[in-house]
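Engineer: This is the content of upload33.tsv (TSV, C-alpha atoms):
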```tsv
chain	number	residue	atom	x	y	z
L	670	MET	CA	-59.67	-54.77	94.00
L	671	SER	CA	-57.03	-52.16	94.50
L	672	ARG	CA	-55.21	-49.62	92.39
L	673	THR	CA	-52.31	-51.96	91.65
L	674	ASP	CA	-54.69	-54.61	90.27
L	675	VAL	CA	-56.09	-52.27	87.63
L	676	LEU	CA	-53.40	-49.65	86.93
L	677	VAL	CA	-49.77	-49.90	85.90
L	678	THR	CA	-47.27	-47.06	85.89
L	679	VAL	CA	-45.35	-46.03	82.79
L	680	ASP	CA	-42.19	-47.31	84.53
L	681	TRP	CA	-43.76	-50.73	84.97
L	682	ALA	CA	-44.92	-50.68	81.36
L	683	GLN	CA	-41.49	-49.81	80.02
L	684	GLU	CA	-39.89	-52.59	82.09
L	685	ASN	CA	-42.44	-55.13	80.88
L	686	LEU	CA	-42.51	-54.42	77.14
L	687	GLY	CA	-42.08	-57.66	75.23
L	688	GLN	CA	-42.83	-59.89	78.22
L	689	PRO	CA	-44.66	-63.07	77.20
L	690	GLY	CA	-48.23	-63.09	78.46
L	691	ILE	CA	-48.54	-59.30	78.49
L	692	VAL	CA	-50.16	-57.54	75.55
L	693	PHE	CA	-50.04	-53.76	75.27
L	694	VAL	CA	-52.95	-52.30	73.34
L	695	GLU	CA	-53.23	-48.69	72.15
L	696	VAL	CA	-56.83	-47.54	71.82
L	697	ASP	CA	-57.73	-44.32	70.07
L	698	GLU	CA	-60.38	-42.84	67.89
L	699	ASP	CA	-57.69	-41.30	65.71
L	700	THR	CA	-55.10	-44.01	65.23
L	701	SER	CA	-52.68	-41.80	63.30
L	702	ALA	CA	-50.89	-41.31	66.64
L	703	TYR	CA	-50.23	-45.07	66.82
L	704	ASP	CA	-49.00	-45.11	63.25
L	705	GLY	CA	-46.53	-42.32	64.05
L	706	GLY	CA	-45.04	-44.30	66.93
L	707	HIS	CA	-46.33	-46.62	69.66
L	708	LEU	CA	-45.08	-48.65	72.60
L	709	GLU	CA	-42.79	-51.38	71.31
L	710	GLY	CA	-44.90	-54.43	70.49
L	711	ALA	CA	-48.26	-52.78	71.17
L	712	VAL	CA	-51.21	-53.63	68.93
L	713	LYS	CA	-53.84	-51.04	68.04
L	714	LEU	CA	-57.58	-50.90	68.36
L	715	ASP	CA	-59.43	-48.18	66.50
L	716	TRP	CA	-62.36	-47.06	68.66
L	717	LYS	CA	-64.61	-46.45	65.70
L	718	LYS	CA	-63.46	-48.96	63.08
L	719	ASP	CA	-62.70	-51.88	65.39
L	720	LEU	CA	-64.83	-51.44	68.50
L	721	GLN	CA	-68.15	-50.17	67.11
L	722	ASP	CA	-70.70	-52.17	65.17
L	723	PRO	CA	-70.37	-50.98	61.56
L	724	LEU	CA	-74.13	-50.65	61.09
L	725	ARG	CA	-76.09	-50.16	64.32
L	726	ARG	CA	-75.09	-47.78	67.11
L	727	ASP	CA	-73.73	-50.39	69.50
L	728	TYR	CA	-70.56	-52.13	70.47
L	729	LEU	CA	-69.56	-55.40	68.80
L	730	ASP	CA	-71.50	-58.54	69.58
L	731	LYS	CA	-69.74	-61.45	71.26
L	732	THR	CA	-68.80	-63.24	68.04
L	733	ALA	CA	-67.33	-60.13	66.46
L	734	PHE	CA	-65.41	-59.29	69.65
L	735	GLU	CA	-63.96	-62.81	69.71
L	736	ALA	CA	-62.90	-62.49	66.07
L	737	LEU	CA	-61.29	-59.11	66.68
L	738	LEU	CA	-59.24	-60.22	69.69
L	739	SER	CA	-58.25	-63.47	68.00
L	740	ALA	CA	-56.99	-61.57	64.96
L	741	ARG	CA	-54.99	-59.18	67.16
L	742	GLY	CA	-53.32	-62.12	68.87
L	743	ILE	CA	-54.83	-61.53	72.29
L	744	GLY	CA	-55.47	-64.68	74.33
L	745	ASN	CA	-57.87	-65.26	77.19
L	746	ASP	CA	-54.96	-65.73	79.62
L	747	ASP	CA	-53.02	-62.66	78.55
L	748	THR	CA	-52.63	-59.62	80.76
L	749	VAL	CA	-53.98	-56.79	78.62
L	750	VAL	CA	-52.52	-53.33	79.30
L	751	LEU	CA	-54.54	-50.57	77.63
L	752	TYR	CA	-53.37	-47.05	76.93
L	753	GLY	CA	-54.22	-44.25	74.52
L	754	GLY	CA	-54.51	-40.56	73.82
L	755	ASN	CA	-57.22	-38.14	75.03
L	756	ASN	CA	-56.13	-38.76	78.64
L	757	ASN	CA	-56.97	-42.47	78.27
L	758	TRP	CA	-60.67	-41.83	77.46
L	759	PHE	CA	-60.87	-44.49	74.76
L	760	ALA	CA	-58.54	-46.83	76.64
L	761	ALA	CA	-60.92	-46.57	79.62
L	762	TYR	CA	-63.83	-47.30	77.28
L	763	ALA	CA	-61.96	-50.38	76.05
L	764	TYR	CA	-61.27	-51.42	79.66
L	765	TRP	CA	-65.00	-51.29	80.40
L	766	TYR	CA	-65.64	-53.19	77.16
L	767	PHE	CA	-63.11	-55.95	78.01
L	768	LYS	CA	-64.87	-56.24	81.40
L	769	ILE	CA	-68.27	-56.51	79.68
L	770	TYR	CA	-66.94	-59.53	77.79
L	771	GLY	CA	-65.29	-61.00	80.88
L	772	HIS	CA	-61.57	-60.62	80.22
L	773	SER	CA	-59.99	-61.57	83.53
L	774	ASP	CA	-56.77	-59.56	83.60
L	775	VAL	CA	-56.99	-56.09	82.11
L	776	LYS	CA	-55.27	-52.91	83.27
L	777	LEU	CA	-54.82	-49.30	82.24
L	778	MET	CA	-51.44	-47.62	81.89
L	779	ASP	CA	-51.69	-44.58	84.16
L	780	GLY	CA	-51.33	-41.35	82.18
L	781	GLY	CA	-51.62	-43.09	78.82
L	782	ARG	CA	-49.84	-41.86	75.77
L	783	LYS	CA	-49.55	-38.32	77.09
L	784	LYS	CA	-47.53	-39.24	80.19
L	785	TRP	CA	-45.35	-41.52	78.08
L	786	GLU	CA	-44.65	-38.75	75.55
L	787	LEU	CA	-44.12	-36.01	78.13
L	788	ASP	CA	-41.53	-38.26	79.80
L	789	GLY	CA	-39.76	-38.60	76.44
L	790	ARG	CA	-40.01	-42.40	76.50
L	791	PRO	CA	-39.23	-44.37	73.32
L	792	LEU	CA	-41.83	-45.02	70.62
L	793	SER	CA	-41.57	-47.56	67.81
L	794	LYS	CA	-42.84	-47.45	64.25
L	795	ASP	CA	-42.29	-51.17	63.69
L	796	GLU	CA	-45.30	-53.10	62.49
L	797	VAL	CA	-46.63	-55.46	65.12
L	798	ASP	CA	-47.83	-58.87	64.09
L	799	ARG	CA	-48.89	-61.31	66.79
L	800	PRO	CA	-49.94	-64.88	65.99
L	801	ALA	CA	-53.71	-65.29	65.92
L	802	THR	CA	-55.48	-66.84	68.90
L	803	GLN	CA	-58.83	-68.50	69.54
L	804	TYR	CA	-60.33	-65.94	71.90
L	805	VAL	CA	-63.49	-66.92	73.73
L	806	ALA	CA	-65.57	-64.12	75.28
L	807	SER	CA	-68.16	-64.44	78.04
L	808	GLU	CA	-71.74	-63.38	77.58
L	809	PRO	CA	-71.91	-59.58	78.04
L	810	ASP	CA	-72.07	-58.48	81.68
L	811	LEU	CA	-74.87	-55.92	81.58
L	812	SER	CA	-74.52	-55.13	85.28
L	813	ILE	CA	-72.05	-52.39	84.27
L	814	ARG	CA	-73.99	-51.01	81.28
L	815	ALA	CA	-77.00	-48.69	81.54
L	816	PHE	CA	-79.65	-48.18	78.86
L	817	ARG	CA	-81.85	-45.15	78.26
L	818	ASP	CA	-84.99	-46.31	80.10
L	819	GLU	CA	-82.88	-47.00	83.15
L	820	VAL	CA	-81.51	-43.47	83.02
L	821	VAL	CA	-84.97	-41.93	82.87
L	822	ALA	CA	-86.05	-44.16	85.78
L	823	ALA	CA	-82.95	-43.10	87.74
L	824	ILE	CA	-83.96	-39.43	87.85
L	825	GLY	CA	-84.17	-38.50	91.51
L	826	SER	CA	-83.36	-42.00	92.76
L	827	LYS	CA	-79.80	-42.88	91.71
L	828	ASN	CA	-76.55	-40.98	91.45
L	829	LEU	CA	-76.55	-39.64	87.92
L	830	VAL	CA	-73.04	-38.39	87.28
L	831	ASP	CA	-72.64	-36.16	84.26
L	832	VAL	CA	-68.90	-36.12	83.61
L	833	ARG	CA	-68.89	-33.59	80.76
L	834	SER	CA	-67.44	-30.11	81.15
L	835	PRO	CA	-69.54	-27.51	83.02
L	836	ASP	CA	-70.33	-25.73	79.75
L	837	GLU	CA	-71.71	-28.91	78.21
L	838	PHE	CA	-73.67	-29.63	81.40
L	839	SER	CA	-75.21	-26.16	81.37
L	840	GLY	CA	-76.00	-26.40	77.65
L	841	LYS	CA	-73.64	-23.61	76.60
L	842	ILE	CA	-71.85	-25.96	74.24
L	843	LEU	CA	-72.89	-29.36	72.84
L	844	ALA	CA	-69.58	-31.16	72.45
L	845	PRO	CA	-66.06	-30.97	73.79
L	846	ALA	CA	-64.51	-27.81	72.37
L	847	HIS	CA	-62.12	-29.52	69.98
L	848	LEU	CA	-65.17	-30.41	67.86
L	849	PRO	CA	-67.50	-28.25	65.75
L	850	GLN	CA	-70.60	-27.25	67.74
L	851	GLU	CA	-73.11	-28.52	65.21
L	852	GLN	CA	-75.22	-31.24	66.77
L	853	SER	CA	-78.82	-32.24	66.37
L	854	GLN	CA	-79.60	-33.11	69.96
L	855	ARG	CA	-80.92	-30.70	72.58
L	856	ALA	CA	-78.49	-29.10	75.01
L	857	GLY	CA	-78.58	-29.58	78.76
L	858	HIS	CA	-78.44	-32.50	81.20
L	859	VAL	CA	-80.56	-35.20	82.81
L	860	PRO	CA	-82.55	-33.68	85.70
L	861	THR	CA	-80.99	-34.36	89.14
L	862	ALA	CA	-77.62	-35.26	87.58
L	863	ILE	CA	-74.56	-33.92	89.39
L	864	ASN	CA	-71.77	-32.49	87.27
L	865	ILE	CA	-68.43	-33.98	88.23
L	866	PRO	CA	-66.23	-33.52	85.14
L	867	TRP	CA	-64.00	-36.50	84.38
L	868	SER	CA	-61.05	-34.08	84.34
L	869	LYS	CA	-61.32	-33.50	88.08
L	870	ALA	CA	-60.23	-37.11	88.54
L	871	ALA	CA	-57.03	-36.66	86.56
L	872	ASN	CA	-53.82	-34.72	86.89
L	873	GLU	CA	-52.64	-32.53	84.05
L	874	ASP	CA	-50.26	-35.24	82.82
L	875	GLY	CA	-53.21	-37.61	82.42
L	876	THR	CA	-52.51	-39.78	85.49
L	877	PHE	CA	-55.30	-40.45	87.97
L	878	LYS	CA	-55.37	-38.52	91.23
L	879	SER	CA	-54.67	-40.43	94.44
L	880	ASP	CA	-57.38	-42.58	96.05
L	881	GLU	CA	-57.62	-40.05	98.90
L	882	GLN	CA	-58.09	-37.13	96.49
L	883	LEU	CA	-60.67	-39.08	94.49
L	884	ALA	CA	-62.67	-40.13	97.55
L	885	ALA	CA	-62.73	-36.50	98.72
L	886	LEU	CA	-63.75	-35.24	95.27
L	887	TYR	CA	-66.89	-37.35	94.92
L	888	GLY	CA	-67.81	-36.83	98.58
L	889	GLU	CA	-67.64	-33.05	98.21
L	890	GLN	CA	-69.73	-33.07	95.04
L	891	GLY	CA	-72.70	-34.81	96.62
L	892	PHE	CA	-72.13	-38.41	95.53
L	893	ASP	CA	-74.36	-40.60	97.70
L	894	ASP	CA	-72.73	-43.94	98.57
L	895	SER	CA	-76.07	-45.49	99.51
L	896	ARG	CA	-77.40	-45.13	95.96
L	897	GLU	CA	-76.69	-46.95	92.73
L	898	THR	CA	-74.86	-44.93	90.11
L	899	ILE	CA	-75.01	-44.22	86.39
L	900	ALA	CA	-72.26	-42.17	84.71
L	901	TYR	CA	-72.71	-40.55	81.31
L	902	CYS	CA	-71.01	-38.06	79.00
L	903	ARG	CA	-71.61	-37.44	75.29
L	904	ILE	CA	-70.74	-40.78	73.64
L	905	GLY	CA	-69.67	-42.88	76.62
L	906	GLU	CA	-65.90	-42.67	76.60
L	907	ARG	CA	-65.30	-39.95	79.21
L	908	SER	CA	-67.90	-41.64	81.41
L	909	SER	CA	-65.90	-44.87	81.07
L	910	HIS	CA	-63.01	-42.94	82.62
L	911	THR	CA	-65.24	-42.00	85.58
L	912	TRP	CA	-66.76	-45.51	85.71
L	913	PHE	CA	-63.17	-46.77	86.06
L	914	VAL	CA	-62.49	-44.34	88.91
L	915	LEU	CA	-65.69	-45.14	90.81
L	916	SER	CA	-65.85	-48.87	90.24
L	917	GLU	CA	-62.23	-49.95	89.88
L	918	LEU	CA	-60.20	-47.43	91.90
L	919	LEU	CA	-62.68	-46.51	94.64
L	920	GLY	CA	-64.46	-49.88	94.69
L	921	LYS	CA	-67.97	-48.42	94.69
L	922	LYS	CA	-70.76	-50.93	94.04
L	923	ASN	CA	-73.46	-50.89	91.35
L	924	VAL	CA	-71.87	-48.37	89.03
L	925	LYS	CA	-72.96	-48.43	85.39
L	926	ASN	CA	-71.74	-46.61	82.32
L	927	TYR	CA	-74.47	-45.21	80.05
L	928	ASP	CA	-72.66	-45.41	76.71
L	929	GLY	CA	-75.68	-44.05	74.83
L	930	SER	CA	-74.97	-40.86	76.76
L	931	TRP	CA	-76.00	-37.37	75.71
L	932	VAL	CA	-76.00	-38.08	71.97
L	933	GLU	CA	-78.83	-40.53	72.66
L	934	TYR	CA	-80.54	-38.88	75.63
L	935	GLY	CA	-80.52	-35.40	74.10
L	936	SER	CA	-82.26	-36.81	71.02
L	937	LEU	CA	-85.05	-38.73	72.79
L	938	VAL	CA	-88.57	-37.42	72.30
L	939	GLY	CA	-90.37	-36.41	75.45
L	940	VAL	CA	-87.75	-37.07	78.13
L	941	PRO	CA	-87.13	-34.38	80.74
L	942	ILE	CA	-84.11	-32.13	80.32
L	943	GLU	CA	-82.70	-29.49	82.63
L	944	LYS	CA	-80.49	-26.59	81.63
T	1243	MET	CA	-66.77	-37.68	67.82
T	1244	CYS	CA	-64.49	-37.07	70.75
T	1245	GLY	CA	-61.18	-38.01	69.18
T	1246	ALA	CA	-59.05	-35.01	68.43
T	1247	PRO	CA	-59.27	-34.15	64.75
T	1248	LYS	CA	-56.19	-33.30	62.75
T	1249	GLN	CA	-54.97	-29.86	63.81
T	1250	GLY	CA	-54.16	-26.95	61.53
T	1251	GLY	CA	-55.10	-26.67	57.88
T	1252	GLY	CA	-57.66	-24.43	56.22
T	1253	LEU	CA	-60.97	-23.20	57.54
T	1254	ALA	CA	-62.95	-24.58	54.58
T	1255	GLY	CA	-66.21	-26.11	55.74
T	1256	ILE	CA	-66.24	-24.21	59.05
T	1257	ASP	CA	-69.10	-21.72	59.34
T	1258	LEU	CA	-67.49	-18.68	60.98
T	1259	SER	CA	-70.84	-16.91	61.20
T	1260	THR	CA	-71.97	-19.44	63.84
T	1261	GLN	CA	-68.80	-21.10	65.19
T	1262	THR	CA	-66.48	-19.55	67.76
T	1263	VAL	CA	-63.10	-20.81	66.65
T	1264	ILE	CA	-60.06	-20.35	68.90
T	1265	GLN	CA	-56.91	-21.31	67.10
T	1266	GLY	CA	-53.21	-20.57	66.99
T	1267	SER	CA	-49.87	-22.17	67.54
T	1268	VAL	CA	-47.46	-23.15	70.30
T	1269	TRP	CA	-43.93	-21.73	70.19
T	1270	HIS	CA	-40.71	-22.36	72.09
T	1271	ASP	CA	-37.33	-20.72	71.48
T	1272	GLY	CA	-38.54	-19.06	68.28
T	1273	ALA	CA	-39.89	-22.25	66.68
T	1274	PRO	CA	-43.29	-23.97	66.60
T	1275	VAL	CA	-43.72	-27.00	68.86
T	1276	ALA	CA	-45.20	-30.12	67.27
T	1277	GLY	CA	-46.89	-32.67	69.53
T	1278	ALA	CA	-47.57	-30.24	72.38
T	1279	TYR	CA	-50.70	-30.84	74.48
T	1280	VAL	CA	-53.03	-27.85	74.45
T	1281	ARG	CA	-56.08	-27.64	76.68
T	1282	LEU	CA	-58.91	-25.16	76.71
T	1283	LEU	CA	-60.11	-24.12	80.18
T	1284	ASP	CA	-63.37	-22.29	80.85
T	1285	SER	CA	-63.73	-19.15	82.98
T	1286	THR	CA	-63.66	-21.29	86.14
T	1287	ASP	CA	-60.41	-22.96	85.01
T	1288	GLU	CA	-62.21	-26.23	84.32
T	1289	PHE	CA	-61.06	-28.46	81.47
T	1290	THR	CA	-63.13	-28.20	78.29
T	1291	ALA	CA	-61.01	-29.86	75.63
T	1292	GLU	CA	-57.50	-30.91	74.75
T	1293	VAL	CA	-55.71	-31.40	71.44
T	1294	VAL	CA	-52.19	-32.22	70.30
T	1295	THR	CA	-50.48	-29.69	68.02
T	1296	SER	CA	-49.83	-30.46	64.35
T	1297	PRO	CA	-46.31	-30.77	62.89
T	1298	GLU	CA	-46.53	-26.97	62.41
T	1299	GLY	CA	-47.44	-26.44	66.07
T	1300	GLU	CA	-51.08	-25.55	65.38
T	1301	PHE	CA	-54.21	-26.11	67.47
T	1302	ARG	CA	-57.92	-25.33	67.01
T	1303	PHE	CA	-60.95	-25.30	69.33
T	1304	PHE	CA	-64.66	-24.77	68.75
T	1305	ALA	CA	-65.96	-22.90	71.77
T	1306	ALA	CA	-68.56	-20.26	72.53
T	1307	PRO	CA	-68.22	-16.51	73.08
T	1308	GLY	CA	-66.59	-15.65	76.42
T	1309	GLU	CA	-63.38	-15.85	78.44
T	1310	TRP	CA	-61.19	-18.88	77.95
T	1311	LYS	CA	-57.69	-19.95	78.87
T	1312	VAL	CA	-55.44	-21.86	76.52
T	1313	ARG	CA	-52.78	-23.83	78.39
T	1314	SER	CA	-50.02	-25.85	76.78
T	1315	LEU	CA	-47.98	-28.66	78.24
T	1316	ALA	CA	-45.02	-29.96	76.25
T	1317	SER	CA	-41.88	-31.90	77.05
T	1318	VAL	CA	-40.00	-28.56	76.73
T	1319	GLY	CA	-42.20	-26.63	79.17
T	1320	LYS	CA	-45.54	-24.98	79.90
T	1321	GLY	CA	-47.35	-21.79	78.93
T	1322	GLU	CA	-50.80	-20.22	78.88
T	1323	ARG	CA	-52.80	-17.36	77.37
T	1324	VAL	CA	-56.19	-15.88	78.18
T	1325	VAL	CA	-58.50	-15.41	75.20
T	1326	SER	CA	-61.63	-13.31	75.05
T	1327	ALA	CA	-63.50	-15.02	72.23
T	1328	GLU	CA	-66.30	-13.85	69.98
T	1329	VAL	CA	-68.19	-15.64	67.23
T	1330	GLY	CA	-65.81	-16.09	64.30
T	1331	LEU	CA	-62.09	-16.55	64.27
T	1332	ASN	CA	-60.03	-15.87	67.42
T	1333	GLU	CA	-56.27	-16.37	67.03
T	1334	THR	CA	-53.60	-16.60	69.69
T	1335	THR	CA	-50.04	-17.80	70.20
T	1336	VAL	CA	-48.93	-19.69	73.29
T	1337	VAL	CA	-45.26	-19.56	74.25
T	1338	VAL	CA	-43.99	-22.45	76.35
T	1339	GLU	CA	-40.87	-22.11	78.46
```
Have the structure of the file written as structure tokens, please.
Structural biologist:
Amino acid sequence: MSRTDVLVTVDWAQENLGQPGIVFVEVDEDTSAYDGGHLEGAVKLDWKKDLQDPLRRDYLDKTAFEALLSARGIGNDDTVVLYGGNNNWFAAYAYWYFKIYGHSDVKLMDGGRKKWELDGRPLSKDEVDRPATQYVASEPDLSIRAFRDEVVAAIGSKNLVDVRSPDEFSGKILAPAHLPQEQSQRAGHVPTAINIPWSKAANEDGTFKSDEQLAALYGEQGFDDSRETIAYCRIGERSSHTWFVLSELLGKKNVKNYDGSWVEYGSLVGVPIEK
Amino acid sequence: MCGAPKQGGGLAGIDLSTQTVIQGSVWHDGAPVAGAYVRLLDSTDEFTAEVVTSPEGEFRFFAAPGEWKVRSLASVGKGERVVSAEVGLNETTVVVE
């Protein structure tokens, strides 16, 4: 696995719009951005409405995921190129999700919507309608997903990477600062976690830093290559960004994303917390 | 959740006795800039949040009391302002050039 297998540049994307066998997918929590203009031919996935189970706190089960991708006109053999706002947080979550369900060829567009917009590249408001497919997903690959008990057991024995901002890590604030600070969970972090904010892995235009810069970053922050790794944030989307960096760009082994993240951990009764 | 909420608009429903709101607008050449990226950096210059300005060029953050930096990146340029925030409403204007 190398960078070119999992990332495409905005130049590549622009040259390949409309190519048969390549499906561009915009993933956001707030899809009003898509509605105001998107890459020509791109379909949208709404992080909350499309990708989360409507009742339980979980992602879609296999049958629902198959139905969703079939309805969007995404086939098993298609190359899926994901991009979105928020520096590709939700696109990275979707990447991890497509990997969970075994999609073979999935990539991120480096820099996402932000890089595309800052470059002044064209956006389309045309409705996109792709013919339905018969998508077949694999059984979920849980080797890349961590659950709460595993996180508690990992204290002191695995790399626990808290990718939130330093002020969330220290408990000064409970959510990224574009959101009201009214949350029910306790503030702080999992004991022994190291704080390597997701943003350190990205340039200001939303593109990923170079492999050399990324390798140096995690090395300097005390990441131990001999240990297994669990990344977490608040709801699992920023940690998907870091999971992508560690697993897909740097090729580190045994890296899991804890999508329950702080919203779950900080609400558990009796688990240890550090501040 | 983590998606950026709609920027601008009234303060109804926001408790200014507990929230530390940093808000304002992005300007360039005497006009507000819609669709500019605005990030909030903490006192160590580390990223805390990012939003995209409204059609009127507005942004809003929910922070905590202390020193913050508001930095904007738009297709027309860059700009930043330091804000010393307290509980309640803290307003600022960022000029990009």
Engineer: Determine, counting all atoms listed in the file, which protein, DNA and RNA residues have an atom within 9 Å of an atom of Val1263 of chain T; residues of the same chain fewer than 2 positions away are not included. Present the result as a list in words.
Structural biologist: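 So, after excluding close chain neighbours, the residues are Pro849 of chain L; Ile1256, Leu1258, Gln1261, Gln1265, Arg1302, Phe1303, Phe1304, Ala1305, Ala1306, Ala1327, Glu1328, Val1329, Gly1330, Leu1331, Asn1332 and Glu1333 of chain T.
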Engineer: At a cut-off of 8 Å, using all atoms listed in the file, what residues contact Leu1282 of chain T? Leave out same-chain residues fewer than 6 positions from it and give the result as a PDB file with C-alpha atoms, keeping the file's coordinate frame.
Structural biologist:
```pdb
ATOM      1  CA  ALA L 846     -64.510 -27.810  72.370  1.00  0.00           C
TER       2      ALA L 846
ATOM      3  CA  PHE T1289     -61.060 -28.460  81.470  1.00  0.00           C
ATOM      4  CA  THR T1290     -63.130 -28.200  78.290  1.00  0.00           C
ATOM      5  CA  ALA T1291     -61.010 -29.860  75.630  1.00  0.00           C
ATOM      6  CA  GLU T1292     -57.500 -30.910  74.750  1.00  0.00           C
ATOM      7  CA  PHE T1303     -60.950 -25.300  69.330  1.00  0.00           C
ATOM      8  CA  TRP T1310     -61.190 -18.880  77.950  1.00  0.00           C
ATOM      9  CA  LYS T1311     -57.690 -19.950  78.870  1.00  0.00           C
ATOM     10  CA  VAL T1312     -55.440 -21.860  76.520  1.00  0.00           C
ATOM     11  CA  ARG T1313     -52.780 -23.830  78.390  1.00  0.00           C
TER      12      ARG T1313
END
```
Engineer: For the atom pair atom CA of Trp912 of chain L and atom CA of Glu709 of chain L, what is the interatomic distance in Å to one decimal place?
Structural biologist: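 Separating atom CA of Trp912 of chain L from atom CA of Glu709 of chain L is a distance of 28.6 Å.
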Engineer: My list of candidates is L:Phe877, L:Trp681, L:Trp765, L:Trp785. Which is closest to chain T when distances are computed with all atoms listed in the file?
Structural biologist: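 Checking each candidate against chain T, we get L:Trp785 as the closest.
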Engineer: List every protein, DNA or RNA residue with an atom no more than 6 Å from (-61.2, -44.9, 68.1) in the file's coordinates, counting only C-alpha atoms, and format the result as a PyMOL selection string.
Structural biologist: chain L and resi 697-699+715-717
Engineer: Mind pulling up the distance from atom CA of Tyr934 of chain L to atom CA of Lys731 of chain L?
Structural biologist: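 Value for the atom CA of Lys731 of chain L-atom CA of Tyr934 of chain L distance: 25.4 Å.
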Engineer: Find the residues in chain L near chain T: any atom within 10 Å counts, using all atoms listed in the file. Write them as a PDB file with C-alpha atoms, keeping the file's coordinate frame.
Structural biologist:
```pdb
ATOM      1  CA  ASP L 697     -57.730 -44.320  70.070  1.00  0.00           C
ATOM      2  CA  GLU L 698     -60.380 -42.840  67.890  1.00  0.00           C
ATOM      3  CA  ASP L 699     -57.690 -41.300  65.710  1.00  0.00           C
ATOM      4  CA  THR L 700     -55.100 -44.010  65.230  1.00  0.00           C
ATOM      5  CA  SER L 701     -52.680 -41.800  63.300  1.00  0.00           C
ATOM      6  CA  ALA L 702     -50.890 -41.310  66.640  1.00  0.00           C
ATOM      7  CA  TRP L 716     -62.360 -47.060  68.660  1.00  0.00           C
ATOM      8  CA  LYS L 717     -64.610 -46.450  65.700  1.00  0.00           C
ATOM      9  CA  GLY L 754     -54.510 -40.560  73.820  1.00  0.00           C
ATOM     10  CA  ASN L 755     -57.220 -38.140  75.030  1.00  0.00           C
ATOM     11  CA  ASN L 756     -56.130 -38.760  78.640  1.00  0.00           C
ATOM     12  CA  TRP L 758     -60.670 -41.830  77.460  1.00  0.00           C
ATOM     13  CA  PHE L 759     -60.870 -44.490  74.760  1.00  0.00           C
ATOM     14  CA  LYS L 783     -49.550 -38.320  77.090  1.00  0.00           C
ATOM     15  CA  LYS L 784     -47.530 -39.240  80.190  1.00  0.00           C
ATOM     16  CA  GLU L 786     -44.650 -38.750  75.550  1.00  0.00           C
ATOM     17  CA  LEU L 787     -44.120 -36.010  78.130  1.00  0.00           C
ATOM     18  CA  ASP L 788     -41.530 -38.260  79.800  1.00  0.00           C
ATOM     19  CA  GLY L 789     -39.760 -38.600  76.440  1.00  0.00           C
ATOM     20  CA  ARG L 833     -68.890 -33.590  80.760  1.00  0.00           C
ATOM     21  CA  SER L 834     -67.440 -30.110  81.150  1.00  0.00           C
ATOM     22  CA  PRO L 835     -69.540 -27.510  83.020  1.00  0.00           C
ATOM     23  CA  ASP L 836     -70.330 -25.730  79.750  1.00  0.00           C
ATOM     24  CA  GLU L 837     -71.710 -28.910  78.210  1.00  0.00           C
ATOM     25  CA  LYS L 841     -73.640 -23.610  76.600  1.00  0.00           C
ATOM     26  CA  ILE L 842     -71.850 -25.960  74.240  1.00  0.00           C
ATOM     27  CA  LEU L 843     -72.890 -29.360  72.840  1.00  0.00           C
ATOM     28  CA  ALA L 844     -69.580 -31.160  72.450  1.00  0.00           C
ATOM     29  CA  PRO L 845     -66.060 -30.970  73.790  1.00  0.00           C
ATOM     30  CA  ALA L 846     -64.510 -27.810  72.370  1.00  0.00           C
ATOM     31  CA  HIS L 847     -62.120 -29.520  69.980  1.00  0.00           C
ATOM     32  CA  LEU L 848     -65.170 -30.410  67.860  1.00  0.00           C
ATOM     33  CA  PRO L 849     -67.500 -28.250  65.750  1.00  0.00           C
ATOM     34  CA  GLN L 850     -70.600 -27.250  67.740  1.00  0.00           C
ATOM     35  CA  GLU L 851     -73.110 -28.520  65.210  1.00  0.00           C
ATOM     36  CA  PRO L 866     -66.230 -33.520  85.140  1.00  0.00           C
ATOM     37  CA  TRP L 867     -64.000 -36.500  84.380  1.00  0.00           C
ATOM     38  CA  SER L 868     -61.050 -34.080  84.340  1.00  0.00           C
ATOM     39  CA  LYS L 869     -61.320 -33.500  88.080  1.00  0.00           C
ATOM     40  CA  GLU L 873     -52.640 -32.530  84.050  1.00  0.00           C
ATOM     41  CA  ASP L 874     -50.260 -35.240  82.820  1.00  0.00           C
ATOM     42  CA  ARG L 903     -71.610 -37.440  75.290  1.00  0.00           C
ATOM     43  CA  ILE L 904     -70.740 -40.780  73.640  1.00  0.00           C
ATOM     44  CA  GLY L 905     -69.670 -42.880  76.620  1.00  0.00           C
ATOM     45  CA  GLU L 906     -65.900 -42.670  76.600  1.00  0.00           C
ATOM     46  CA  ARG L 907     -65.300 -39.950  79.210  1.00  0.00           C
TER      47      ARG L 907
END
```
Engineer: Skip Ile743 of chain L itself and residues of its chain fewer than 3 positions away, then list as a list in words all residues within 8 Å of it, counting all atoms listed in the file.
Structural biologist: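 Listed by chain and then number, they are Val692, Leu738, Ser739, Ala740, Asp747, Val749, Ala801, Thr802 and Tyr804 of chain L.
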Engineer: Please provide the set of residues having any atom within 9 Å of segment 822-826 of chain L, restricted to only C-alpha atoms, with same-chain residues fewer than 4 positions apart removed, written as a ChimeraX atom specification.
Structural biologist: /L:817-818,859-862,896-899
Engineer: How would the residues just chosen look if you wrote them out with C-alpha atoms as a PDB file, keeping the file's coordinate frame?
Structural biologist:
```pdb
ATOM      1  CA  ARG L 817     -81.850 -45.150  78.260  1.00  0.00           C
ATOM      2  CA  ASP L 818     -84.990 -46.310  80.100  1.00  0.00           C
ATOM      3  CA  VAL L 859     -80.560 -35.200  82.810  1.00  0.00           C
ATOM      4  CA  PRO L 860     -82.550 -33.680  85.700  1.00  0.00           C
ATOM      5  CA  THR L 861     -80.990 -34.360  89.140  1.00  0.00           C
ATOM      6  CA  ALA L 862     -77.620 -35.260  87.580  1.00  0.00           C
ATOM      7  CA  ARG L 896     -77.400 -45.130  95.960  1.00  0.00           C
ATOM      8  CA  GLU L 897     -76.690 -46.950  92.730  1.00  0.00           C
ATOM      9  CA  THR L 898     -74.860 -44.930  90.110  1.00  0.00           C
ATOM     10  CA  ILE L 899     -75.010 -44.220  86.390  1.00  0.00           C
TER      11      ILE L 899
END
```
